[in-house]
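Here's the structure, in structure tokens; my notes come after.
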Amino acid sequence: MQPIRPVVLSGGSGTRLWPLSRELFPKQLLPLASQSETMLQATVSRLAGLANLAAPIVVCNEAHRFIVAEQLRAIGIEPRAVVIEPQGRNTAPAAAVAALLLEKEPDALMLVMPSDHLVRKPEVFRDAVGIAAPVAASGRLVTFGIQPTHPATAYGYIKRGEDIGEGAYAVEKFVEKPDSDTA
């Protein structure tokens with residue numbers, strides 16, 4: 001089986017949870033969901049026990065590089081790289097830079113994860129990654145989704161397509177954030 005190389009996106013401006021989260025200490029660097037670990041640490045820790053797990057690549061801005069390195073060291077994680085974004089440009093450019101680092105690892109599967117998501121059941125997440133890995137190894141792009149519990153206009157959604165086996169489905173389409181009637 002191919003190695004899984006996590007790419008942890010740890011950018012952010014610290015504006016959404018102000019005053020708790022600030023520019024120099026955004027939410028992913030805070031222990032918001034746990035007394036014992038930050039959101040960044042929880043993101044990396046939830047991968048423990050995953051088969052063929054490789055050291056993560058973390059993408060962050062220059063102001064956070066030392067905090068990121070220290071938080072990873074505190075949980076015993078040696079990253080493959082900490083990539084410094086000269087300017088935050090969202091997910092696609094950060095993932096593209098990480099992919100360039102993987103040119104010398106053509107068999108690696110890249111698992112791109114934001115560092116500020118709360119995952120209440122990490123074992124379910126690991127199971128989903130286990131299902132996704134062979135699908136990705138077959139040449140497909142894979143995305144993860146959750147079943148909504150209520151209508152929401154703050155999030156887009158994935159319309160599930162045909163069953164491609166092993167608990168995975170093709171994506172029929174992506175739907176941008178809907179209006180309230182559609183949601």
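So you can find residues: chains in the structure tokens are A, B, ... in the order shown, residues in each start at 1, and ligands are numbered from 1 in order.
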Find the residues near A:Ala81: any atom within 12 Å, counting only C-alpha atoms, skip ones fewer than 5 places away on the same chain, and give them as a ChimeraX atom specification.
/A:5-8,54-60,65,68-69,72,97-98,101-102
Counting only C-alpha atoms, what is within 12 Å of A:Gly130, bar same-chain residues fewer than 2 positions away, as a VMD selection string?
chain A and resid 1 to 4 47 49 to 53 109 111 123 to 128 132 to 137 142 144 166 to 168
I'd like to know which of A:Ser10, A:Thr43, A:Ser34, A:Thr153 is closest to A:Asp181, using only C-alpha atoms.
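Under the stated criterion, the closest residue is A:Thr153.
Here atom CA of A:Asp116 is placed at a distance of 20.3 Å from atom CA of A:Pro86.
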Tell me, as a list in words, which residues lie within 7 Å of A:Leu40, counting only C-alpha atoms; anything in the same chain fewer than 5 positions away does not count.
Gln28, Leu29, Ser115 and Asp116 of chain A
Pick out each residue of stretch 7-172 of chain A that DSSP on the backbone tags as alpha helix (DSSP H); I need them as a PyMOL selection string.
chain A and resi 39-45+65-74+91-101+122-137
Go ahead and write the residues just picked, C-alpha atoms, as a CSV table (one decimal), in the first residue's frame.
```csv
chain,number,residue,atom,x,y,z
A,39,MET,CA,-6.7,22.2,17.1
A,40,LEU,CA,-3.4,21.7,15.2
A,41,GLN,CA,-2.2,19.0,17.5
A,42,ALA,CA,-5.6,17.2,17.4
A,43,THR,CA,-5.5,17.3,13.6
A,44,VAL,CA,-2.2,15.4,13.6
A,45,SER,CA,-3.0,13.2,16.5
A,65,ARG,CA,6.2,28.8,12.0
A,66,PHE,CA,7.9,28.5,15.4
A,67,ILE,CA,4.6,27.9,17.3
A,68,VAL,CA,3.6,25.2,14.8
A,69,ALA,CA,7.0,23.5,15.1
A,70,GLU,CA,6.8,23.7,19.0
A,71,GLN,CA,3.3,22.3,19.1
A,72,LEU,CA,4.3,19.4,16.9
A,73,ARG,CA,7.4,18.7,18.9
A,74,ALA,CA,5.2,18.7,22.1
A,91,THR,CA,-6.5,25.9,0.1
A,92,ALA,CA,-5.6,25.3,-3.6
A,93,PRO,CA,-2.2,27.1,-3.7
A,94,ALA,CA,-1.2,25.6,-0.3
A,95,ALA,CA,-2.0,22.1,-1.5
A,96,ALA,CA,-0.2,22.8,-4.8
A,97,VAL,CA,3.0,23.7,-3.0
A,98,ALA,CA,2.8,20.6,-0.9
A,99,ALA,CA,2.2,18.5,-4.0
A,100,LEU,CA,5.4,20.0,-5.5
A,101,LEU,CA,7.3,18.7,-2.5
A,122,PRO,CA,-11.4,10.2,15.0
A,123,GLU,CA,-11.8,6.4,14.5
A,124,VAL,CA,-14.5,7.1,12.0
A,125,PHE,CA,-12.3,9.6,10.2
A,126,ARG,CA,-9.4,7.0,10.1
A,127,ASP,CA,-11.9,4.4,8.7
A,128,ALA,CA,-12.9,6.9,6.0
A,129,VAL,CA,-9.3,7.5,5.1
A,130,GLY,CA,-8.8,3.7,4.9
A,131,ILE,CA,-11.7,3.5,2.5
A,132,ALA,CA,-10.4,6.5,0.5
A,133,ALA,CA,-6.8,5.3,0.1
A,134,PRO,CA,-7.3,2.5,-2.4
A,135,VAL,CA,-9.8,4.8,-4.3
A,136,ALA,CA,-7.2,7.5,-4.5
A,137,ALA,CA,-4.5,5.0,-5.4
```
So how far away is atom CA of A:Ala108 from atom CA of A:Ile84, in Å?
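Atom-to-atom, atom CA of A:Ile84 to atom CA of A:Ala108, that is 21.5 Å.
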Can you list, as a PyMOL selection string, all residues belonging to stretch 1-61 of chain A that DSSP tags as strand (DSSP E)?
chain A and resi 4-10+57-61
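The space between atom CA of A:Asp107 and atom CA of A:Pro79 spans 18.7 Å.
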Using only C-alpha atoms, which of the listed residues (A:Ile77, A:Glu103, A:Lys159, A:Thr38) sits closest to A:His117?
A:Thr38
Would you mind telling me which residue in A:Leu9, A:Val82, A:Gly156, A:Glu162 lies nearest to A:Val175 when using only C-alpha atoms?
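Residue with the minimum atom-to-atom distance to A:Val175: A:Gly156.
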Which is closer to A:Ile164 than all the others in A:Ser36, A:Glu176, A:Pro26, A:Arg140, using only C-alpha atoms?
A:Arg140
